[in-house]
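Enquirer: First, the structure itself, so that you have it in front of you.
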Amino acid sequence: MTLSINGERKTFKGDTLTIQELLEKMAYGKGIAVALNETFVMKTKYSETKIKDGDRIDILSPVQGG
Amino acid sequence: MKSNDLWELEEKEFDSRLMIGSALYPSPKIMEEAIRASGAKIVTVALRRQAAGEGESNPFWELIKELNITVLPNTAGCHTAKEAITTAMMAREVFETNWIKLEVIGNQYNLQPDPFALVEATEVLIKEGFRVLPYMTDDLVLAQRLADLGCTTLMPWGSPIGSGRGLMNPYNLKTIRKQFPNLNLIVDAGIGKPSDAIEAMELGFDGILLNSAVALAQEPVMMAEAFKYALQSGRLSYLAGRMQKRDMASPSTPTVGTPFWHQFE
């Protein structure tokens with residue numbers, strides 16, 4: 001399946017993936033927050049939230065701000 | 001400084017009325033030194049996309065945590081209420097705070113806040129348990145709408161973000177102050193130099209949020225200290241109450257006993 005991750009197209013084997021599995025595959029650590037199709041997903045829901053082909057995922061972390 | 005002049009903001013107490021941004025400094029070290037020199041106890045931060053594979057290392061965030069001051073995340077860069085709401089929720093989880101500097105941009109040229117989207121997002125976020133500190137234009141009716149929704153802090157702009165133009169419309173700021181004596185009012189954006197901050201504090205504003213004025217100064221750490229004193233000076237000046245203006249001169253030195261006075265001429 002093809003996903004948009006932080007605005008970039010990425011292809012993964014298989015039809016389903018949870019957010020938890022995706023973050024592990026991509027070696028993301030702690031201190032991040034995730035949105036699936038522009039909707040926030042709580043950390044506690046990563047392992048039960050399934051991603052499907054065409055989904056857009058944003059993975060954010062702290063940066064400088066004014 | 002009056003020792004009992006602590007600032008109560010969103011049910012927390014602070015000994016500084018300055019809120020400072022963490023962006024645009026020449027280096028992380030200068031950022032850290034400037035924030036410390038400013039005396040600010042609140043620092044603004046943001047969220048952006050993180051590339052894969054960076055693991056758990058985030059030197060910026062580690063540095064901010066070491067400062068051990070209150071963190072105020074923003075929703076900078078959001079152009080719709082939905083984007084701002086999602087960003088606020090993500091910020092609450094990452095930064096472990098329900099405070100949010102709500103920013104929804106309505107115009108790309110002057111980065112003017114969108115008043116309609118601001119009201120829409122504020123309504124949702126307050127219901128979700130956030131303490132919303134909205135970055136807004138200096139519009140009295142907008143201030144009323146946000147206060148009606150439950151905001152206890154409002155942050156009207158002095159002038160556009162990063163412009164350093166100071167207070168474009170002191171009359172509007174003064175009017176908001178008069179109409180909302182019990183809200184915390186902060187001038188956010190547009191402050192270019194310490195005297196701009198003093199002017200805002202003398203209008204009776206409760207605090208100042210700034211970033212570029214310090215980060216882009218020739219000597220950011222020195223300028224941060226200048227702002228520390230400006231905030232104290234402006235606050236004291238407001239509390240002390242200025243003298244009445246007069247149309248005519250009035251001598252300050254006693255006139256009785258003036259020498260060489262030709263009183264019989």
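Following the order of the structure tokens, chains are lettered A, B, ..., residues in each are numbered from 1, and ligands are numbered from 1.
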Output the contact residues of chain A with respect to chain B at a cut-off of 6 Å, based on only C-alpha atoms, as a PyMOL selection string.

Expert: chain A and resi 26-31+33+39-40+59-66

Enquirer: List the neighbours of A:Lys43 out to 9 Å using only C-alpha atoms; skip same-chain residues closer than 2 positions along the sequence, and give me the result as a VMD selection string.

Expert: (chain A and resid 20 33 to 34 41 45 to 47) or (chain B and resid 93)

Enquirer: Those same residues, written as an mmCIF file, in the first residue's frame with N, CA and C atoms?

Expert:
data_model
loop_
_atom_site.group_PDB
_atom_site.id
_atom_site.type_symbol
_atom_site.label_atom_id
_atom_site.label_comp_id
_atom_site.auth_asym_id
_atom_site.auth_seq_id
_atom_site.Cartn_x
_atom_site.Cartn_y
_atom_site.Cartn_z
ATOM 1 N N GLN A 20 1.313 1.876 15.291
ATOM 2 C CA GLN A 20 2.424 1.345 16.094
ATOM 3 C C GLN A 20 3.463 0.656 15.205
ATOM 4 N N ALA A 33 4.053 13.260 18.021
ATOM 5 C CA ALA A 33 2.591 13.148 18.001
ATOM 6 C C ALA A 33 2.178 12.829 16.575
ATOM 7 N N VAL A 34 1.053 12.108 16.464
ATOM 8 C CA VAL A 34 0.659 11.595 15.153
ATOM 9 C C VAL A 34 -0.748 12.056 14.776
ATOM 10 N N VAL A 41 -4.309 11.380 16.616
ATOM 11 C CA VAL A 41 -4.458 10.024 17.157
ATOM 12 C C VAL A 41 -3.675 9.953 18.470
ATOM 13 N N LYS A 45 -3.716 4.894 21.343
ATOM 14 C CA LYS A 45 -4.495 4.238 20.274
ATOM 15 C C LYS A 45 -3.617 3.743 19.119
ATOM 16 N N TYR A 46 -2.289 3.941 19.240
ATOM 17 C CA TYR A 46 -1.407 3.572 18.116
ATOM 18 C C TYR A 46 -1.557 2.097 17.714
ATOM 19 N N SER A 47 -1.625 1.213 18.725
ATOM 20 C CA SER A 47 -1.608 -0.216 18.398
ATOM 21 C C SER A 47 -2.936 -0.716 17.840
ATOM 22 N N GLU B 93 -0.342 16.551 23.862
ATOM 23 C CA GLU B 93 0.236 15.245 24.177
ATOM 24 C C GLU B 93 1.765 15.324 24.291
#

Enquirer: Using only C-alpha atoms, which protein or nucleic acid residues come within 12 Å of A:Asp53? Drop anything in the same chain fewer than 2 positions from it, and give the result as an MDAnalysis selection string.

Expert: chainID A and resid 1:5 9:18 37 50:51 55:57

Enquirer: Which parts of stretch 43-204 of chain B does DSSP call helix (DSSP H, G or I) when run on the backbone here, written out as a PyMOL selection string?

Expert: chain B and resi 59-67+81-95+115-127+140-149+170-179+194-202

Enquirer: Could you pull out the residues in stretch 105-170 of chain B that DSSP calls strand (DSSP E) from the backbone, as number ranges by chain?

Expert: B: 105-107, 112-113, 131-136, 153-156

Enquirer: What's the separation between atom CA of B:Gly190 and atom CA of B:Ile208, in Å to one decimal place?

Expert: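 Interatomic distance, atom CA of B:Gly190 to atom CA of B:Ile208: 10.3 Å.
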
Enquirer: Check the smallest atom-to-atom distance from each of A:Ile32, A:Lys25, A:Gly7, A:Ile19 to A:Lys52 using only C-alpha atoms, then report the winner.

Expert: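 Closest to A:Lys52, using only C-alpha atoms: A:Ile19.
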
Enquirer: Name all residues at most 7 Å from B:Asp196 (count only C-alpha atoms; drop same-chain ones fewer than 4 positions away) and give them as a list in words.

Expert: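 Result of the neighbour search: Gly166, Leu167, Ile191, Gly192 and Ala200 of chain B.
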
Enquirer: Give me, please, the distance in Å between atom CA of B:Pro181 and atom CA of B:Glu225, quoted to one decimal.

Expert: 28.9 Å

Enquirer: Atom CA of B:Glu32 to atom CA of B:Leu67: how many Å, to one decimal?

Expert: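 Atom CA of B:Glu32 sits 7.7 Å away from atom CA of B:Leu67.
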
Enquirer: Name all residues at most 9 Å from stretch 10-13 of chain B (count only C-alpha atoms; drop same-chain ones fewer than 6 positions away) and give them as a list in words.

Expert: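 Near stretch 10-13 of chain B, the qualifying residues are Trp99, Arg131, Thr152, Thr153 and Asn184 of chain B.
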